[in-house]
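A.B. asks: Just passing along the structure, written as structure tokens.
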Amino acid sequence: MADLHLTEAQQKEGRPGRHETDGFALRQHHDETGTLVVIAGAYGPDWFVTMREIRHRLEQPYVKCTVLSDAPGLNDHEVLVRWATSQELVNRKRAQAQAQAPLVALLRQQDAAAKAAAERQALEDAGQSSLW
């Protein structure tokens, strides 16, 4: 590997991300139906990553929010956040359960195999103890 003899400041110079402040800002807004909603806007060199984190955190099955990025009047770096409907929450929980189904099946299979091995070992230990 060639050493270019660059200082840390020289290495970061011109790099678009991870060395300046990233963040988000919130503002309240009334939509066309008069419902109070929140608009979250990301800023900083990695605003796209911040937007992805906002969406990921707010659309968890246990968080009762819905994030919309296609609402009228929003800029590229903004999303609209509103309360989720019960159907949206049910759909999220169902989707999460489907995504985790292979892992849950594997864990149950491993637990069953471990339990069977423990029972088999207990039977072997019981049989061998009478020989001594």
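Going through the structure tokens in order, the chains are called A, B, and so on, while each chain numbers its residues from 1 and the ligands are numbered from 1 in the order shown.
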Would you give me, as a list of chain:residue names, the residues in range 35-92 of chain A that DSSP reads as alpha helix (DSSP H)?

C.D. replies: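 Output for range 35-92 of chain A, alpha helix (DSSP H) only: A:Trp47, A:Phe48, A:Val49, A:Thr50, A:Met51, A:Arg52, A:Glu53, A:Ile54, A:Arg55, A:His56, A:Arg57, A:Leu58, A:Ser86, A:Gln87, A:Glu88, A:Leu89, A:Val90, A:Asn91, A:Arg92.
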
A.B. asks: Excluding Ala84 in chain A and any residue of its chain fewer than 2 positions from it, enumerate the residues within 7 Å of it, using only C-alpha atoms, and give them as a list in words.

C.D. replies: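 My reading of the contact set: Lys64, Cys65, Thr66, Arg82, Ser86, Glu88 and Leu89 of chain A.
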
A.B. asks: Give me the residues near range 35-42 of chain A as a PDB file with N, CA, C and O atoms, in the first residue's frame, where near means some atom within 12 Å (using only C-alpha atoms) and where sequence neighbours in that chain fewer than 5 positions away do not count.

C.D. replies:
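Okay, this is what ended up in result_31.pdb:
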```pdb
ATOM      1  N   THR A  21     -21.781  18.122  10.185  1.00  0.00           N
ATOM      2  CA  THR A  21     -22.939  17.797  11.006  1.00  0.00           C
ATOM      3  C   THR A  21     -24.124  17.361  10.148  1.00  0.00           C
ATOM      4  O   THR A  21     -24.502  18.042   9.205  1.00  0.00           O
ATOM      5  N   ASP A  22     -24.678  16.214  10.482  1.00  0.00           N
ATOM      6  CA  ASP A  22     -25.927  15.739   9.893  1.00  0.00           C
ATOM      7  C   ASP A  22     -27.016  15.918  10.934  1.00  0.00           C
ATOM      8  O   ASP A  22     -26.754  15.930  12.132  1.00  0.00           O
ATOM      9  N   GLY A  23     -28.236  16.035  10.488  1.00  0.00           N
ATOM     10  CA  GLY A  23     -29.326  16.164  11.444  1.00  0.00           C
ATOM     11  C   GLY A  23     -30.659  16.253  10.754  1.00  0.00           C
ATOM     12  O   GLY A  23     -30.779  16.007   9.556  1.00  0.00           O
ATOM     13  N   PHE A  24     -31.676  16.604  11.534  1.00  0.00           N
ATOM     14  CA  PHE A  24     -33.011  16.755  10.976  1.00  0.00           C
ATOM     15  C   PHE A  24     -33.729  17.859  11.733  1.00  0.00           C
ATOM     16  O   PHE A  24     -33.342  18.238  12.837  1.00  0.00           O
ATOM     17  N   ALA A  25     -34.758  18.369  11.125  1.00  0.00           N
ATOM     18  CA  ALA A  25     -35.584  19.412  11.735  1.00  0.00           C
ATOM     19  C   ALA A  25     -37.045  19.026  11.536  1.00  0.00           C
ATOM     20  O   ALA A  25     -37.407  18.391  10.545  1.00  0.00           O
ATOM     21  N   LEU A  26     -37.874  19.406  12.482  1.00  0.00           N
ATOM     22  CA  LEU A  26     -39.301  19.097  12.425  1.00  0.00           C
ATOM     23  C   LEU A  26     -40.105  20.380  12.429  1.00  0.00           C
ATOM     24  O   LEU A  26     -39.729  21.365  13.055  1.00  0.00           O
ATOM     25  N   ARG A  27     -41.227  20.346  11.710  1.00  0.00           N
ATOM     26  CA  ARG A  27     -42.163  21.466  11.766  1.00  0.00           C
ATOM     27  C   ARG A  27     -43.574  20.916  11.658  1.00  0.00           C
ATOM     28  O   ARG A  27     -43.816  19.897  11.011  1.00  0.00           O
ATOM     29  N   GLN A  28     -44.494  21.580  12.325  1.00  0.00           N
ATOM     30  CA  GLN A  28     -45.887  21.161  12.270  1.00  0.00           C
ATOM     31  C   GLN A  28     -46.557  21.801  11.073  1.00  0.00           C
ATOM     32  O   GLN A  28     -46.201  22.905  10.646  1.00  0.00           O
ATOM     33  N   HIS A  29     -47.546  21.089  10.543  1.00  0.00           N
ATOM     34  CA  HIS A  29     -48.233  21.547   9.338  1.00  0.00           C
ATOM     35  C   HIS A  29     -49.650  20.990   9.362  1.00  0.00           C
ATOM     36  O   HIS A  29     -49.888  19.894   9.852  1.00  0.00           O
ATOM     37  N   HIS A  30     -50.594  21.722   8.815  1.00  0.00           N
ATOM     38  CA  HIS A  30     -51.961  21.218   8.642  1.00  0.00           C
ATOM     39  C   HIS A  30     -52.101  20.785   7.186  1.00  0.00           C
ATOM     40  O   HIS A  30     -51.865  21.571   6.270  1.00  0.00           O
ATOM     41  N   TRP A  47     -27.660  13.706   4.030  1.00  0.00           N
ATOM     42  CA  TRP A  47     -29.076  13.844   4.355  1.00  0.00           C
ATOM     43  C   TRP A  47     -29.881  12.634   3.918  1.00  0.00           C
ATOM     44  O   TRP A  47     -30.872  12.274   4.539  1.00  0.00           O
ATOM     45  N   PHE A  48     -29.439  11.955   2.859  1.00  0.00           N
ATOM     46  CA  PHE A  48     -30.174  10.789   2.383  1.00  0.00           C
ATOM     47  C   PHE A  48     -30.121   9.666   3.423  1.00  0.00           C
ATOM     48  O   PHE A  48     -31.116   8.982   3.664  1.00  0.00           O
ATOM     49  N   VAL A  49     -28.970   9.482   4.056  1.00  0.00           N
ATOM     50  CA  VAL A  49     -28.834   8.476   5.111  1.00  0.00           C
ATOM     51  C   VAL A  49     -29.731   8.848   6.295  1.00  0.00           C
ATOM     52  O   VAL A  49     -30.389   7.992   6.885  1.00  0.00           O
ATOM     53  N   THR A  50     -29.755  10.127   6.633  1.00  0.00           N
ATOM     54  CA  THR A  50     -30.608  10.585   7.733  1.00  0.00           C
ATOM     55  C   THR A  50     -32.076  10.326   7.410  1.00  0.00           C
ATOM     56  O   THR A  50     -32.838   9.887   8.282  1.00  0.00           O
ATOM     57  N   MET A  51     -32.484  10.562   6.178  1.00  0.00           N
ATOM     58  CA  MET A  51     -33.874  10.294   5.773  1.00  0.00           C
ATOM     59  C   MET A  51     -34.198   8.808   5.903  1.00  0.00           C
ATOM     60  O   MET A  51     -35.280   8.432   6.356  1.00  0.00           O
ATOM     61  N   ARG A  52     -33.262   7.964   5.505  1.00  0.00           N
ATOM     62  CA  ARG A  52     -33.467   6.524   5.608  1.00  0.00           C
ATOM     63  C   ARG A  52     -33.607   6.109   7.071  1.00  0.00           C
ATOM     64  O   ARG A  52     -34.450   5.274   7.410  1.00  0.00           O
ATOM     65  N   GLU A  53     -32.795   6.701   7.962  1.00  0.00           N
ATOM     66  CA  GLU A  53     -32.897   6.392   9.385  1.00  0.00           C
ATOM     67  C   GLU A  53     -34.227   6.860   9.965  1.00  0.00           C
ATOM     68  O   GLU A  53     -34.834   6.161  10.777  1.00  0.00           O
ATOM     69  N   ILE A  54     -34.681   8.039   9.569  1.00  0.00           N
ATOM     70  CA  ILE A  54     -35.978   8.547  10.034  1.00  0.00           C
ATOM     71  C   ILE A  54     -37.082   7.578   9.637  1.00  0.00           C
ATOM     72  O   ILE A  54     -37.915   7.177  10.450  1.00  0.00           O
ATOM     73  N   ARG A  55     -37.093   7.212   8.376  1.00  0.00           N
ATOM     74  CA  ARG A  55     -38.124   6.292   7.880  1.00  0.00           C
ATOM     75  C   ARG A  55     -38.042   4.952   8.606  1.00  0.00           C
ATOM     76  O   ARG A  55     -39.060   4.408   9.038  1.00  0.00           O
ATOM     77  N   LEU A  58     -39.289   5.291  12.338  1.00  0.00           N
ATOM     78  CA  LEU A  58     -40.700   5.630  12.515  1.00  0.00           C
ATOM     79  C   LEU A  58     -41.645   4.592  11.936  1.00  0.00           C
ATOM     80  O   LEU A  58     -42.839   4.612  12.241  1.00  0.00           O
ATOM     81  N   CYS A  65     -46.597   5.574  13.753  1.00  0.00           N
ATOM     82  CA  CYS A  65     -46.459   6.652  12.775  1.00  0.00           C
ATOM     83  C   CYS A  65     -46.368   6.078  11.382  1.00  0.00           C
ATOM     84  O   CYS A  65     -45.942   4.943  11.185  1.00  0.00           O
ATOM     85  N   THR A  66     -46.762   6.878  10.410  1.00  0.00           N
ATOM     86  CA  THR A  66     -46.586   6.541   8.997  1.00  0.00           C
ATOM     87  C   THR A  66     -45.800   7.658   8.358  1.00  0.00           C
ATOM     88  O   THR A  66     -46.061   8.837   8.592  1.00  0.00           O
ATOM     89  N   VAL A  67     -44.832   7.287   7.552  1.00  0.00           N
ATOM     90  CA  VAL A  67     -43.972   8.251   6.882  1.00  0.00           C
ATOM     91  C   VAL A  67     -44.319   8.254   5.400  1.00  0.00           C
ATOM     92  O   VAL A  67     -44.305   7.215   4.745  1.00  0.00           O
ATOM     93  N   LEU A  68     -44.642   9.436   4.874  1.00  0.00           N
ATOM     94  CA  LEU A  68     -44.991   9.592   3.463  1.00  0.00           C
ATOM     95  C   LEU A  68     -43.986  10.532   2.807  1.00  0.00           C
ATOM     96  O   LEU A  68     -43.757  11.633   3.285  1.00  0.00           O
ATOM     97  N   SER A  69     -43.403  10.092   1.719  1.00  0.00           N
ATOM     98  CA  SER A  69     -42.441  10.948   1.024  1.00  0.00           C
ATOM     99  C   SER A  69     -43.024  11.551  -0.248  1.00  0.00           C
ATOM    100  O   SER A  69     -42.383  12.387  -0.880  1.00  0.00           O
ATOM    101  N   ASP A  70     -44.225  11.136  -0.625  1.00  0.00           N
ATOM    102  CA  ASP A  70     -44.811  11.602  -1.882  1.00  0.00           C
ATOM    103  C   ASP A  70     -45.957  12.595  -1.685  1.00  0.00           C
ATOM    104  O   ASP A  70     -46.756  12.813  -2.581  1.00  0.00           O
ATOM    105  N   ALA A  71     -46.032  13.206  -0.510  1.00  0.00           N
ATOM    106  CA  ALA A  71     -47.091  14.186  -0.264  1.00  0.00           C
ATOM    107  C   ALA A  71     -46.798  15.462  -1.057  1.00  0.00           C
ATOM    108  O   ALA A  71     -45.646  15.822  -1.267  1.00  0.00           O
ATOM    109  N   PRO A  72     -47.847  16.142  -1.520  1.00  0.00           N
ATOM    110  CA  PRO A  72     -47.618  17.363  -2.299  1.00  0.00           C
ATOM    111  C   PRO A  72     -46.964  18.462  -1.452  1.00  0.00           C
ATOM    112  O   PRO A  72     -47.241  18.609  -0.273  1.00  0.00           O
ATOM    113  N   GLY A  73     -46.069  19.190  -2.081  1.00  0.00           N
ATOM    114  CA  GLY A  73     -45.417  20.316  -1.425  1.00  0.00           C
ATOM    115  C   GLY A  73     -44.163  19.966  -0.639  1.00  0.00           C
ATOM    116  O   GLY A  73     -43.580  20.841  -0.008  1.00  0.00           O
ATOM    117  N   LEU A  74     -43.734  18.706  -0.675  1.00  0.00           N
ATOM    118  CA  LEU A  74     -42.524  18.312   0.050  1.00  0.00           C
ATOM    119  C   LEU A  74     -41.301  18.423  -0.857  1.00  0.00           C
ATOM    120  O   LEU A  74     -41.358  18.135  -2.044  1.00  0.00           O
ATOM    121  N   ASN A  75     -40.205  18.831  -0.263  1.00  0.00           N
ATOM    122  CA  ASN A  75     -38.929  18.845  -0.986  1.00  0.00           C
ATOM    123  C   ASN A  75     -38.311  17.453  -0.949  1.00  0.00           C
ATOM    124  O   ASN A  75     -38.801  16.561  -0.263  1.00  0.00           O
ATOM    125  N   ASP A  76     -37.209  17.272  -1.662  1.00  0.00           N
ATOM    126  CA  ASP A  76     -36.544  15.970  -1.714  1.00  0.00           C
ATOM    127  C   ASP A  76     -36.069  15.511  -0.341  1.00  0.00           C
ATOM    128  O   ASP A  76     -36.016  14.315  -0.076  1.00  0.00           O
ATOM    129  N   HIS A  77     -35.703  16.430   0.511  1.00  0.00           N
ATOM    130  CA  HIS A  77     -35.133  16.077   1.805  1.00  0.00           C
ATOM    131  C   HIS A  77     -36.166  16.075   2.929  1.00  0.00           C
ATOM    132  O   HIS A  77     -35.811  16.051   4.098  1.00  0.00           O
ATOM    133  N   GLU A  78     -37.463  16.048   2.594  1.00  0.00           N
ATOM    134  CA  GLU A  78     -38.520  16.096   3.596  1.00  0.00           C
ATOM    135  C   GLU A  78     -39.465  14.899   3.467  1.00  0.00           C
ATOM    136  O   GLU A  78     -39.664  14.360   2.391  1.00  0.00           O
ATOM    137  N   VAL A  79     -40.037  14.522   4.597  1.00  0.00           N
ATOM    138  CA  VAL A  79     -41.092  13.501   4.634  1.00  0.00           C
ATOM    139  C   VAL A  79     -42.202  13.988   5.548  1.00  0.00           C
ATOM    140  O   VAL A  79     -41.971  14.769   6.459  1.00  0.00           O
ATOM    141  N   LEU A  80     -43.399  13.518   5.298  1.00  0.00           N
ATOM    142  CA  LEU A  80     -44.557  13.852   6.115  1.00  0.00           C
ATOM    143  C   LEU A  80     -44.786  12.709   7.084  1.00  0.00           C
ATOM    144  O   LEU A  80     -44.779  11.540   6.689  1.00  0.00           O
ATOM    145  N   VAL A  81     -44.979  13.018   8.355  1.00  0.00           N
ATOM    146  CA  VAL A  81     -45.192  12.006   9.389  1.00  0.00           C
ATOM    147  C   VAL A  81     -46.579  12.219   9.987  1.00  0.00           C
ATOM    148  O   VAL A  81     -46.916  13.326  10.398  1.00  0.00           O
ATOM    149  N   ARG A  82     -47.385  11.153   9.988  1.00  0.00           N
ATOM    150  CA  ARG A  82     -48.721  11.226  10.563  1.00  0.00           C
ATOM    151  C   ARG A  82     -48.963   9.968  11.383  1.00  0.00           C
ATOM    152  O   ARG A  82     -48.209   9.009  11.315  1.00  0.00           O
ATOM    153  N   TRP A  83     -50.049   9.987  12.173  1.00  0.00           N
ATOM    154  CA  TRP A  83     -50.409   8.805  12.941  1.00  0.00           C
ATOM    155  C   TRP A  83     -50.790   7.685  11.992  1.00  0.00           C
ATOM    156  O   TRP A  83     -51.452   7.906  10.974  1.00  0.00           O
ATOM    157  N   ALA A  84     -50.405   6.483  12.309  1.00  0.00           N
ATOM    158  CA  ALA A  84     -50.723   5.317  11.486  1.00  0.00           C
ATOM    159  C   ALA A  84     -52.122   4.815  11.814  1.00  0.00           C
ATOM    160  O   ALA A  84     -52.587   4.923  12.953  1.00  0.00           O
TER     161      ALA A  84
END
```
